[in-house]
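Listing of run-v1.txt; format and content: compact mmCIF, C-alpha atoms and all ligand atoms.
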# COMPACT_ATOMS: atom_id res chain seq x y z
CA MET A 1 0.00 0.00 0.00
CA TYR A 2 1.31 3.43 -0.89
CA GLN A 3 1.36 6.08 1.81
CA LYS A 4 1.32 9.84 1.50
CA PRO A 5 4.71 11.55 1.82
CA LYS A 6 5.78 12.47 5.37
CA GLY A 7 4.38 15.80 6.52
CA THR A 8 1.49 15.83 4.02
CA ARG A 9 -2.19 15.11 4.69
CA ASP A 10 -5.32 13.98 2.90
CA ILE A 11 -8.19 16.35 3.58
CA LEU A 12 -11.17 14.06 3.37
CA PRO A 13 -14.76 14.91 2.27
CA ALA A 14 -16.07 14.63 5.85
CA VAL A 15 -14.13 17.76 6.90
CA MET A 16 -14.05 19.60 3.58
CA HIS A 17 -16.91 21.89 4.62
CA ARG A 18 -14.59 23.38 7.24
CA TRP A 19 -12.05 24.27 4.55
CA HIS A 20 -14.74 25.68 2.26
CA ARG A 21 -15.98 27.78 5.16
CA MET A 22 -12.51 29.36 5.62
CA GLU A 23 -11.96 29.87 1.91
CA GLU A 24 -15.39 31.44 1.37
CA GLU A 25 -14.98 33.78 4.35
CA ALA A 26 -11.52 34.86 3.15
CA ARG A 27 -12.75 35.42 -0.42
CA LYS A 28 -15.78 37.38 0.81
CA HIS A 29 -13.73 39.82 2.86
CA ALA A 30 -11.02 40.09 0.20
CA ALA A 31 -13.69 41.20 -2.32
CA ARG A 32 -15.11 43.72 0.17
CA PHE A 33 -11.65 45.19 0.66
CA GLY A 34 -11.03 45.45 -3.11
CA TYR A 35 -8.47 42.63 -3.33
CA ARG A 36 -8.35 40.70 -6.63
CA GLU A 37 -7.24 37.10 -6.97
CA ILE A 38 -3.90 36.19 -8.51
CA ARG A 39 -2.62 32.69 -9.33
CA THR A 40 1.08 32.18 -9.89
CA PRO A 41 3.03 28.99 -10.73
CA THR A 42 3.53 26.32 -8.06
CA PHE A 43 7.25 26.37 -8.85
CA GLU A 44 9.53 29.26 -9.67
CA GLU A 45 13.17 29.84 -10.50
CA THR A 46 15.10 29.02 -7.29
CA ALA A 47 16.89 32.39 -7.30
CA LEU A 48 13.56 34.20 -6.81
CA PHE A 49 13.23 32.72 -3.33
CA THR A 50 16.90 32.89 -2.33
CA ARG A 51 16.88 36.57 -3.32
CA SER A 52 13.63 37.56 -1.62
CA VAL A 53 13.25 35.28 1.40
CA GLY A 54 17.01 35.47 2.05
CA GLU A 55 19.96 33.04 2.00
CA SER A 56 20.28 33.01 5.80
CA SER A 57 16.60 32.28 6.48
CA ASP A 58 15.61 28.81 7.69
CA ILE A 59 13.32 28.49 4.66
CA VAL A 60 16.11 28.96 2.11
CA SER A 61 18.91 27.30 4.06
CA LYS A 62 17.00 24.20 5.17
CA GLU A 63 13.44 23.89 3.92
CA MET A 64 13.14 24.39 0.17
CA TYR A 65 12.07 21.65 -2.23
CA THR A 66 14.59 22.41 -4.96
CA PHE A 67 15.13 20.31 -8.06
CA GLU A 68 16.73 20.48 -11.47
CA ASP A 69 14.34 20.04 -14.40
CA LYS A 70 15.22 18.13 -17.58
CA GLY A 71 16.49 21.39 -19.10
CA GLY A 72 19.02 21.85 -16.29
CA ARG A 73 17.11 24.75 -14.65
CA SER A 74 17.08 25.02 -10.86
CA LEU A 75 13.44 25.28 -9.78
CA THR A 76 11.83 25.38 -6.33
CA LEU A 77 8.33 24.50 -5.14
CA ARG A 78 6.85 27.71 -3.75
CA PRO A 79 7.66 27.88 0.01
CA GLU A 80 5.50 31.05 0.37
CA GLY A 81 3.36 33.31 -1.81
CA THR A 82 4.79 36.82 -1.59
CA ALA A 83 7.82 36.33 -3.85
CA GLY A 84 5.70 34.90 -6.70
CA ALA A 85 3.08 37.65 -6.38
CA VAL A 86 5.76 40.36 -6.51
CA ARG A 87 7.49 38.68 -9.47
CA ALA A 88 4.15 38.62 -11.30
CA PHE A 89 3.53 42.29 -10.41
CA VAL A 90 6.86 43.27 -11.97
CA GLU A 91 6.85 40.84 -14.93
CA ASN A 92 3.28 41.68 -16.01
CA GLY A 93 3.63 45.44 -15.56
CA LEU A 94 0.86 45.63 -12.94
CA PHE A 95 2.71 48.69 -11.59
CA ASN A 96 1.39 50.58 -14.65
CA GLU A 97 -2.16 50.17 -13.36
CA PRO A 98 -3.49 52.46 -10.65
CA LEU A 99 -1.88 51.79 -7.26
CA PRO A 100 -2.40 50.24 -4.82
CA GLN A 101 -2.64 46.88 -6.52
CA LYS A 102 -4.38 44.68 -3.98
CA LEU A 103 -3.82 41.00 -4.70
CA PHE A 104 -4.92 37.87 -2.88
CA TYR A 105 -4.21 34.18 -3.33
CA LEU A 106 -5.24 30.87 -1.83
CA THR A 107 -2.32 28.55 -2.45
CA ASN A 108 -0.40 25.60 -1.14
CA ASN A 109 3.22 26.05 -0.08
CA PHE A 110 5.98 23.53 0.44
CA ARG A 111 8.56 23.56 3.22
CA TYR A 112 10.76 20.69 4.34
CA GLU A 113 9.96 21.17 8.04
CA ASN A 114 9.89 18.76 10.97
CA PRO A 115 6.24 17.68 10.96
CA GLN A 116 4.33 18.23 14.22
CA ALA A 117 0.92 19.55 15.32
CA GLY A 118 0.07 22.40 12.93
CA ARG A 119 3.37 22.12 11.02
CA TYR A 120 3.33 20.26 7.72
CA ARG A 121 5.49 19.94 4.62
CA GLU A 122 2.62 21.14 2.45
CA HIS A 123 0.38 23.86 3.86
CA THR A 124 -2.21 26.28 2.50
CA GLN A 125 -2.31 30.02 3.00
CA PHE A 126 -4.72 32.79 2.25
CA GLY A 127 -2.36 35.62 1.34
CA ALA A 128 -3.12 39.29 0.71
CA GLU A 129 -0.62 41.78 -0.70
CA CYS A 130 -1.16 45.54 -0.97
CA LEU A 131 1.43 46.99 -3.38
CA GLY A 132 2.13 50.69 -3.79
CA ILE A 133 1.31 52.36 -0.45
CA ALA A 134 4.02 53.66 1.92
CA SER A 135 1.63 55.17 4.46
CA PRO A 136 0.82 53.33 7.73
CA LEU A 137 -2.76 53.29 6.42
CA ALA A 138 -1.70 50.22 4.40
CA GLU A 139 -0.83 48.35 7.62
CA LEU A 140 -4.17 49.45 9.07
CA GLU A 141 -6.18 48.17 6.11
CA SER A 142 -4.16 44.97 5.86
CA LEU A 143 -4.69 44.17 9.54
CA ASP A 144 -8.33 45.23 9.27
CA LEU A 145 -8.77 42.62 6.50
CA ALA A 146 -6.97 39.89 8.45
CA THR A 147 -8.91 40.54 11.67
CA SER A 148 -12.23 40.77 9.76
CA ILE A 149 -11.64 37.30 8.31
CA LEU A 150 -10.70 35.85 11.70
CA LYS A 151 -13.70 37.50 13.35
CA GLY A 152 -16.00 36.22 10.60
CA LEU A 153 -14.72 32.72 11.30
CA GLY A 154 -15.34 33.10 15.05
CA ILE A 155 -11.61 32.85 15.82
CA ASP A 156 -10.30 35.13 18.54
CA ILE A 157 -6.48 35.24 18.58
CA ARG A 158 -3.78 37.63 19.71
CA LEU A 159 -2.25 40.11 17.27
CA VAL A 160 1.41 40.83 18.02
CA ILE A 161 3.30 43.59 16.20
CA ASN A 162 6.82 44.97 16.05
CA SER A 163 9.03 47.12 13.87
CA ILE A 164 12.31 45.76 12.51
CA GLY A 165 13.12 49.14 10.92
CA CYS A 166 14.87 49.77 7.62
CA PRO A 167 18.23 48.25 6.52
CA GLU A 168 19.99 51.25 8.08
CA CYS A 169 18.40 50.73 11.56
CA ARG A 170 19.13 47.00 11.30
CA LYS A 171 22.79 47.58 10.46
CA ASN A 172 23.27 49.46 13.74
CA TYR A 173 21.20 47.01 15.74
CA ASN A 174 22.93 43.94 14.26
CA GLN A 175 26.23 45.32 15.57
CA VAL A 176 24.82 45.87 19.07
CA LEU A 177 23.20 42.43 19.08
CA ALA A 178 26.35 40.73 17.77
CA GLU A 179 28.35 42.32 20.61
CA TYR A 180 25.82 41.08 23.16
CA ALA A 181 25.77 37.58 21.62
CA GLY A 182 29.58 37.51 21.48
CA LYS A 183 29.66 37.84 25.28
CA HIS A 184 27.41 34.76 25.55
CA HIS A 185 28.96 32.79 22.68
CA ASP A 186 29.35 29.50 24.61
CA GLU A 187 25.66 29.51 25.57
CA LEU A 188 24.42 29.82 21.97
CA CYS A 189 22.94 26.87 20.07
CA GLU A 190 24.73 25.80 16.88
CA ASP A 191 22.11 27.54 14.70
CA CYS A 192 22.57 30.84 16.54
CA LYS A 193 26.37 30.57 16.23
CA ARG A 194 25.80 30.33 12.46
CA ARG A 195 23.23 33.16 12.51
CA LEU A 196 25.67 35.36 14.45
CA LYS A 197 27.99 35.21 11.45
CA THR A 198 25.37 35.50 8.67
CA ASN A 199 22.48 37.59 10.07
CA PRO A 200 22.48 38.27 13.84
CA LEU A 201 18.84 39.49 13.81
CA ARG A 202 17.71 35.92 12.96
CA MET A 203 18.96 34.82 16.41
CA LEU A 204 15.92 36.50 18.00
CA ASP A 205 13.70 34.05 16.12
CA CYS A 206 15.43 30.99 17.65
CA LYS A 207 13.05 28.39 19.09
CA ASN A 208 15.72 27.04 21.51
CA GLU A 209 14.59 27.75 25.10
CA LYS A 210 18.10 28.65 26.37
CA CYS A 211 18.71 31.07 23.50
CA HIS A 212 15.25 32.54 24.00
CA GLN A 213 16.11 33.40 27.61
CA LEU A 214 19.29 35.12 26.42
CA TRP A 215 17.43 37.23 23.85
CA GLU A 216 14.90 38.36 26.42
CA LYS A 217 17.69 40.28 28.12
CA ALA A 218 19.24 41.54 24.85
CA PRO A 219 18.98 45.19 23.70
CA LYS A 220 15.69 45.87 21.91
CA LEU A 221 15.54 46.71 18.20
CA THR A 222 12.81 49.30 18.72
CA GLU A 223 15.35 51.36 20.72
CA TYR A 224 17.58 51.55 17.64
CA LEU A 225 15.01 52.67 15.07
CA CYS A 226 15.86 55.73 12.94
CA PRO A 227 13.48 58.71 13.34
CA GLU A 228 11.47 57.83 10.19
CA CYS A 229 10.93 54.19 11.19
CA LYS A 230 10.13 55.22 14.77
CA ILE A 231 7.44 57.69 13.62
CA HIS A 232 6.03 55.13 11.19
CA PHE A 233 5.69 52.51 13.94
CA GLU A 234 4.05 55.02 16.31
CA GLU A 235 1.62 55.99 13.56
CA VAL A 236 0.71 52.33 12.89
CA GLN A 237 -0.07 51.84 16.59
CA LYS A 238 -2.10 55.07 16.72
CA LEU A 239 -4.21 53.98 13.72
CA LEU A 240 -4.81 50.49 15.13
CA LYS A 241 -5.93 51.94 18.47
CA ALA A 242 -8.19 54.50 16.79
CA ASN A 243 -9.85 51.67 14.84
CA LYS A 244 -10.12 49.38 17.87
CA ILE A 245 -7.89 46.64 16.48
CA ASP A 246 -6.34 45.06 19.58
CA PHE A 247 -2.62 44.30 19.56
CA THR A 248 0.42 43.97 21.78
CA VAL A 249 3.98 44.95 20.90
CA ASP A 250 6.60 42.19 21.09
CA SER A 251 10.04 43.71 20.54
CA PHE A 252 11.51 40.27 19.79
CA LEU A 253 9.20 39.46 16.91
CA VAL A 254 11.43 39.50 13.82
CA ARG A 255 9.84 36.95 11.40
CA GLY A 256 11.92 34.58 9.29
CA PHE A 257 12.15 36.50 6.01
CA ASP A 258 14.75 38.99 4.75
CA TYR A 259 12.27 41.04 2.74
CA TYR A 260 10.53 42.72 5.68
CA THR A 261 11.07 46.38 6.56
CA LYS A 262 9.46 48.40 9.37
CA THR A 263 6.24 46.74 10.60
CA VAL A 264 6.01 42.98 11.18
CA PHE A 265 3.13 41.14 12.81
CA GLU A 266 1.76 37.74 13.75
CA PHE A 267 -1.54 36.27 14.90
CA GLN A 268 -0.60 33.92 17.73
CA ALA A 269 -2.30 31.34 19.94
CA SER A 270 -1.23 28.30 21.96
CA LEU A 271 -1.36 24.82 20.50
CA ASP A 272 -0.22 21.82 22.57
CA GLY A 273 1.29 24.22 25.11
CA LYS A 274 3.43 26.02 22.49
CA THR A 275 2.88 29.47 21.00
CA LEU A 276 2.18 29.11 17.32
CA ALA A 277 1.59 31.67 14.56
CA PHE A 278 -1.70 31.26 12.74
CA GLY A 279 -0.90 34.11 10.41
CA GLY A 280 1.91 36.54 9.82
CA GLY A 281 3.06 39.35 7.63
CA GLY A 282 4.49 42.81 7.45
CA ARG A 283 5.78 45.62 5.30
CA TYR A 284 8.31 44.94 2.55
CA ASP A 285 9.22 48.24 0.93
CA ASN A 286 12.36 47.09 -0.93
CA LEU A 287 11.31 43.76 -2.44
CA VAL A 288 9.78 45.05 -5.70
CA GLU A 289 12.97 46.96 -6.47
CA GLU A 290 15.16 43.98 -5.52
CA LEU A 291 13.22 41.87 -8.00
CA GLY A 292 13.77 44.36 -10.81
CA GLY A 293 10.82 46.76 -10.45
CA LYS A 294 10.54 50.43 -9.52
CA PRO A 295 10.61 51.27 -5.77
CA THR A 296 7.16 50.24 -4.50
CA ALA A 297 6.15 50.15 -0.83
CA CYS A 298 4.12 47.07 0.10
CA VAL A 299 2.38 45.35 3.01
CA GLY A 300 0.95 41.84 3.15
CA PHE A 301 0.09 38.85 5.26
CA GLY A 302 -0.59 35.13 5.05
CA LEU A 303 -3.10 33.21 7.14
CA GLY A 304 -2.30 29.52 7.64
CA LEU A 305 -5.48 27.57 6.92
CA ASP A 306 -4.06 24.25 8.22
CA ARG A 307 -3.66 25.87 11.63
CA LEU A 308 -6.81 28.01 11.61
CA VAL A 309 -8.92 24.93 10.89
CA LEU A 310 -7.86 23.64 14.32
CA LEU A 311 -9.42 26.71 15.97
CA LEU A 312 -12.53 26.89 13.81
CA PRO A 313 -15.75 26.37 15.82
CA GLU A 314 -17.85 23.27 15.09
CA ILE A 315 -19.95 23.73 11.93
CA LYS A 316 -22.45 21.43 10.29
CA PRO A 317 -21.71 20.23 6.78
CA ASN A 318 -24.03 21.56 4.14
CA GLY A 319 -25.76 18.29 3.24
CA LEU A 320 -27.78 17.36 0.16
CA ASP A 321 -31.25 18.78 -0.38
CA ALA A 322 -32.74 15.35 -0.94
CA CYS A 323 -32.08 11.65 -1.52
CA ILE A 324 -34.39 9.53 -3.66
CA ILE A 325 -35.33 6.27 -1.98
CA ASN A 326 -36.58 3.47 -4.25
CA ALA A 327 -39.10 1.12 -2.66
CA GLY A 328 -40.85 -2.08 -3.78
CA GLU A 329 -40.15 -3.03 -7.38
CA ILE A 330 -38.96 0.45 -8.42
CA LYS A 331 -35.47 0.51 -9.96
CA ALA A 332 -32.93 3.35 -10.09
CA GLU A 333 -33.26 3.79 -13.86
CA GLN A 334 -36.97 4.60 -13.40
CA THR A 335 -36.28 7.34 -10.82
CA TYR A 336 -33.18 8.80 -12.48
CA PRO A 337 -35.28 11.20 -14.67
CA LEU A 338 -36.61 12.79 -11.44
CA VAL A 339 -33.05 13.14 -10.11
CA ARG A 340 -32.16 14.97 -13.35
CA THR A 341 -35.20 17.24 -13.21
CA LEU A 342 -34.47 18.25 -9.63
CA ARG A 343 -30.76 18.85 -10.36
CA GLU A 344 -31.77 21.03 -13.34
CA GLN A 345 -33.78 23.08 -10.84
CA GLY A 346 -30.51 23.74 -8.98
CA LEU A 347 -31.14 21.24 -6.20
CA ALA A 348 -28.49 18.90 -4.75
CA VAL A 349 -30.03 15.45 -5.12
CA GLU A 350 -28.72 11.88 -4.95
CA GLY A 351 -30.34 8.86 -6.64
CA ASN A 352 -29.57 5.22 -5.92
CA LEU A 353 -26.78 4.17 -8.29
CA ALA A 354 -25.78 1.32 -5.99
CA GLU A 355 -29.27 -0.30 -6.02
CA ARG A 356 -29.26 -0.72 -2.21
CA SER A 357 -31.97 -2.18 0.01
CA PHE A 358 -34.57 0.24 1.43
CA LYS A 359 -32.85 0.26 4.84
CA ALA A 360 -29.40 0.79 3.34
CA GLN A 361 -30.73 3.71 1.26
CA LEU A 362 -32.06 5.39 4.42
CA LYS A 363 -28.67 4.96 6.11
CA TYR A 364 -26.92 6.42 3.06
CA ALA A 365 -29.27 9.45 3.04
CA ASP A 366 -28.46 10.03 6.70
CA LYS A 367 -24.69 9.77 6.02
CA LEU A 368 -25.00 12.38 3.25
CA CYS A 369 -26.81 14.69 5.71
CA ALA A 370 -29.80 14.91 3.33
CA LYS A 371 -32.54 17.25 4.49
CA TYR A 372 -35.32 15.31 2.76
CA ILE A 373 -35.92 11.85 1.38
CA ILE A 374 -38.27 11.28 -1.53
CA ILE A 375 -39.76 7.79 -1.42
CA ILE A 376 -40.90 6.28 -4.72
CA GLY A 377 -42.53 2.87 -4.41
CA ASP A 378 -45.19 0.97 -6.30
CA ALA A 379 -48.07 2.97 -4.72
CA GLU A 380 -46.39 6.31 -5.54
CA SER A 381 -45.66 5.19 -9.08
CA ALA A 382 -49.25 4.03 -9.67
CA GLY A 383 -50.79 7.09 -7.96
CA GLY A 384 -48.51 9.71 -9.58
CA PHE A 385 -47.34 11.26 -6.29
CA TYR A 386 -44.20 11.23 -4.11
CA THR A 387 -43.79 10.61 -0.39
CA LEU A 388 -41.63 13.42 0.96
CA LYS A 389 -40.10 13.12 4.42
CA ASP A 390 -38.32 15.94 6.22
CA LEU A 391 -35.44 14.18 8.02
CA ARG A 392 -35.00 17.08 10.43
CA THR A 393 -38.60 17.05 11.73
CA GLY A 394 -39.72 13.53 10.74
CA GLN A 395 -42.80 15.04 9.03
CA GLU A 396 -44.11 13.08 6.01
CA SER A 397 -46.48 14.17 3.22
CA LYS A 398 -47.72 12.99 -0.18
CA VAL A 399 -46.95 15.59 -2.85
CA SER A 400 -47.10 16.20 -6.59
CA GLN A 401 -43.89 16.89 -8.55
CA GLU A 402 -44.74 20.58 -8.73
CA LYS A 403 -45.22 20.80 -4.94
CA LEU A 404 -42.07 18.72 -4.40
CA VAL A 405 -39.92 21.19 -6.33
CA LYS A 406 -41.56 24.12 -4.54
CA ILE A 407 -40.87 22.70 -1.06
CA LEU A 408 -37.27 21.70 -1.84
CA LYS A 409 -36.50 25.12 -3.35
CA GLU A 410 -37.72 26.79 -0.18
CA ILE A 411 -35.10 25.06 1.99
P1 LIG B 1 4.71 32.76 7.23
O1 LIG B 1 4.66 33.32 8.61
O2 LIG B 1 5.86 31.92 6.90
O3 LIG B 1 4.59 34.00 6.26
O4 LIG B 1 3.41 31.93 6.94
C1 LIG B 1 2.12 32.45 7.19
C2 LIG B 1 1.32 31.42 7.97
O5 LIG B 1 1.31 30.18 7.27
C3 LIG B 1 1.92 31.07 9.33
O6 LIG B 1 1.53 32.01 10.30
C4 LIG B 1 1.30 29.71 9.58
O7 LIG B 1 -0.01 29.84 10.08
C5 LIG B 1 1.23 29.12 8.19
N1 LIG B 1 2.35 28.18 8.00
C6 LIG B 1 3.63 28.47 7.70
N2 LIG B 1 4.37 27.35 7.63
C7 LIG B 1 3.53 26.32 7.90
C8 LIG B 1 3.68 24.90 7.98
N3 LIG B 1 4.85 24.32 7.76
N4 LIG B 1 2.59 24.15 8.28
C9 LIG B 1 1.39 24.73 8.48
N5 LIG B 1 1.19 26.06 8.42
C10 LIG B 1 2.24 26.85 8.14
C11 LIG B 1 4.62 33.93 4.90
O8 LIG B 1 4.62 32.90 4.28
C12 LIG B 1 4.61 35.28 4.25
N6 LIG B 1 4.64 35.10 2.78
C13 LIG B 1 3.41 36.10 4.66
C14 LIG B 1 3.38 37.43 4.02
C15 LIG B 1 2.59 37.80 2.98
N7 LIG B 1 4.13 38.47 4.33
C16 LIG B 1 3.87 39.48 3.52
N8 LIG B 1 2.94 39.08 2.70
Starting from the file, give its structure as structure tokens.
Amino acid sequence: MYQKPKGTRDILPAVMHRWHRMEEEARKHAARFGYREIRTPTFEETALFTRSVGESSDIVSKEMYTFEDKGGRSLTLRPEGTAGAVRAFVENGLFNEPLPQKLFYLTNNFRYENPQAGRYREHTQFGAECLGIASPLAELESLDLATSILKGLGIDIRLVINSIGCPECRKNYNQVLAEYAGKHHDELCEDCKRRLKTNPLRMLDCKNEKCHQLWEKAPKLTEYLCPECKIHFEEVQKLLKANKIDFTVDSFLVRGFDYYTKTVFEFQASLDGKTLAFGGGGRYDNLVEELGGKPTACVGFGLGLDRLVLLLPEIKPNGLDACIINAGEIKAEQTYPLVRTLREQGLAVEGNLAERSFKAQLKYADKLCAKYIIIIGDAESAGGFYTLKDLRTGQESKVSQEKLVKILKEI
């Protein structure tokens, strides 16, 4: 028997309604906020990700699914959606259209991670990117969209924000942090020793408990912001407060991507006793230019559907409108024309392809969460009527085809 690859999952029909619920809610709010859908390739040139996400990030250094195609090109399965969306923005000249360009996507991403609760090697994100706005109003609208989706889904989680400044602020801070880390060199984990050489800021993102304790006492990045970044961050906080979007500031939130500038944020909650991000994003003002476009300020976020589904309240699947139940000598081929007629009326109806016994058909209707059953037996066939039973109330009535359609369409 073949098994699915490690870290991947089958999402089975019994829970699919939960996924549809999240996707529909996200699409609904995206449309209200003027975001338009974009679909980019599942794989891209490897350099796109190394350039944007950053060589020293965990994603690029450890987690990418990279392969050479038959033409000798190095390609990588998309580990995240921002790089592809920005590449498409530049390559297709979307910058020539009025700005901001507000793009959203619902896509699967691939990261070679250690599988555990809420962490998989293939995961799905709803992502939203606002390209072309430097003002803190873009952070406000972006976070307004994210929190509206979460609220619509009945999920109440903590929003944590920080500012990691511009490359200039980070240059100064990296020096200060490297000095601090140097004094504690022997206590650092192997990853942090590597990060100290390549990108000291990444050390703050370390999941190692001992390192984490060290960073809690380290100098804070927000104290090293240049005046422009400092004002920007204050303005973001002022706007969020004025619009009653709750947040806390975590000065150690840095996020694992090189493309971020100024504001970064995460939606966090506990899972199995560990703090986990259910969504994350931030501003990335230099990425468009780094990928060959004109300077374009941007903000975006990704919500992780594989994690959010774990927090989603119980919801009932949207079952079929009706199941046809054949009784007596009646065969499926005789009742199939009614199935067709009802489907043509826009109703979700199941016949009896399997030619089951009466009892088995009732069980099947129940399994499919049908609201009604339509019984067609010898008496119904001879009398030209149908027996309609409402499975929610148990009420039964004899009806004509016209009445049947009318009742089912009123559901
Ligand atoms: P990210 O924080 O890497 O950001 O991913 C966003 C969300 O995807 C995470 O908060 C998490 O819920 C989910 N996620 C990430 N990795 C996994 C995994 N291995 N298994 C399950 N869920 C996962 C980004 O990807 C950025 N592109 C977001 C962004 C958009 N920033 C600006 N624009």
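Candidate residues A:Leu214, A:Cys323, A:Leu12, A:Val288 were compared for distance to A:Leu94, and the nearest is A:Val288, using all atoms listed in the file.
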Could you pull the residues within 10 Å of stretch 20-33 of chain A, counting all atoms listed in the file, minus those fewer than 6 positions along the same chain, as number ranges by chain?
A: 102-106, 125-128, 141-142, 144-146, 148-153, 303, 305, 308-309, 312, 315, 317
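Near A:Gly377, within a cut-off of 8 Å and counting all atoms listed in the file, sit the residues Asn326, Ala327, Gly328, Glu329, Ile330, Ile375, Ala379, Glu380 and Ser381 of chain A, with same-chain residues fewer than 2 positions away left out.
Atom CA of A:Gly93 sits 28.6 Å away from atom CA of A:Phe67.
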Could the residues that lie within 9 Å of ligand LIG 1 (chain B), counting all atoms listed in the file, be listed as an NGL selection string?
:A and (7 or 53 or 59 or 79-83 or 109-130 or 255-257 or 259-260 or 264-268 or 276-284 or 298-308)
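Shortest atom-to-atom contact with A:Ile325 among A:Thr275, A:Thr387, A:Thr341, A:Gln401: A:Thr387, counting all atoms listed in the file.
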Distance atom CA of A:Gly154-atom CA of A:Ile11, one decimal place?
21.5 Å
note - atom CA of A:Glu179 and atom CA of A:Lys197 are separated by 11.6 Å
At a cut-off of 12 Å, using all atoms listed in the file, what residues contact A:Glu216? Leave out same-chain residues fewer than 2 positions from it and give the result as a PDB file with C-alpha atoms, keeping the file's coordinate frame.
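For reference, part00.pdb as written:
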ATOM      1  CA  LEU A 177      23.200  42.430  19.080  1.00  0.00           C
ATOM      2  CA  TYR A 180      25.820  41.080  23.160  1.00  0.00           C
ATOM      3  CA  ALA A 181      25.770  37.580  21.620  1.00  0.00           C
ATOM      4  CA  MET A 203      18.960  34.820  16.410  1.00  0.00           C
ATOM      5  CA  LEU A 204      15.920  36.500  18.000  1.00  0.00           C
ATOM      6  CA  ASP A 205      13.700  34.050  16.120  1.00  0.00           C
ATOM      7  CA  CYS A 206      15.430  30.990  17.650  1.00  0.00           C
ATOM      8  CA  GLU A 209      14.590  27.750  25.100  1.00  0.00           C
ATOM      9  CA  LYS A 210      18.100  28.650  26.370  1.00  0.00           C
ATOM     10  CA  CYS A 211      18.710  31.070  23.500  1.00  0.00           C
ATOM     11  CA  HIS A 212      15.250  32.540  24.000  1.00  0.00           C
ATOM     12  CA  GLN A 213      16.110  33.400  27.610  1.00  0.00           C
ATOM     13  CA  LEU A 214      19.290  35.120  26.420  1.00  0.00           C
ATOM     14  CA  ALA A 218      19.240  41.540  24.850  1.00  0.00           C
ATOM     15  CA  PRO A 219      18.980  45.190  23.700  1.00  0.00           C
ATOM     16  CA  LYS A 220      15.690  45.870  21.910  1.00  0.00           C
ATOM     17  CA  LEU A 221      15.540  46.710  18.200  1.00  0.00           C
ATOM     18  CA  ASP A 250       6.600  42.190  21.090  1.00  0.00           C
ATOM     19  CA  SER A 251      10.040  43.710  20.540  1.00  0.00           C
ATOM     20  CA  PHE A 252      11.510  40.270  19.790  1.00  0.00           C
ATOM     21  CA  LEU A 253       9.200  39.460  16.910  1.00  0.00           C
TER      22      LEU A 253
END
Would you compute an axis-aligned box for stretch 96-102 of chain A, covering every atom listed for it in the file with 6 Å of margin on each side, and report centre and edge lengths in Å to one decimal as lines of an AutoDock Vina configuration file?
center_x = -1.5
center_y = 48.6
center_z = -9.3
size_x = 17.8
size_y = 19.8
size_z = 22.7
Polymer residues at most 9 Å from stretch 405-411 of chain A, only C-alpha atoms, same-chain spacing of 6 or more positions, as a list of chain:residue names:
A:Asp321, A:Ala322, A:Leu342, A:Gln345, A:Gly346, A:Leu347, A:Lys371, A:Tyr372
Write out as JSON, numbers by chain each polymer residue whose atoms come within 8 Å of A:Asp246, counting all atoms listed in the file; drop sequence neighbours fewer than 2 positions from it.
{"A": [158, 159, 240, 241, 244, 248]}
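If you measure from each of A:Gly72, A:Gly54, A:Pro13, A:Gly34 to A:Leu99 using only C-alpha atoms, the closest one turns out to be A:Gly34.
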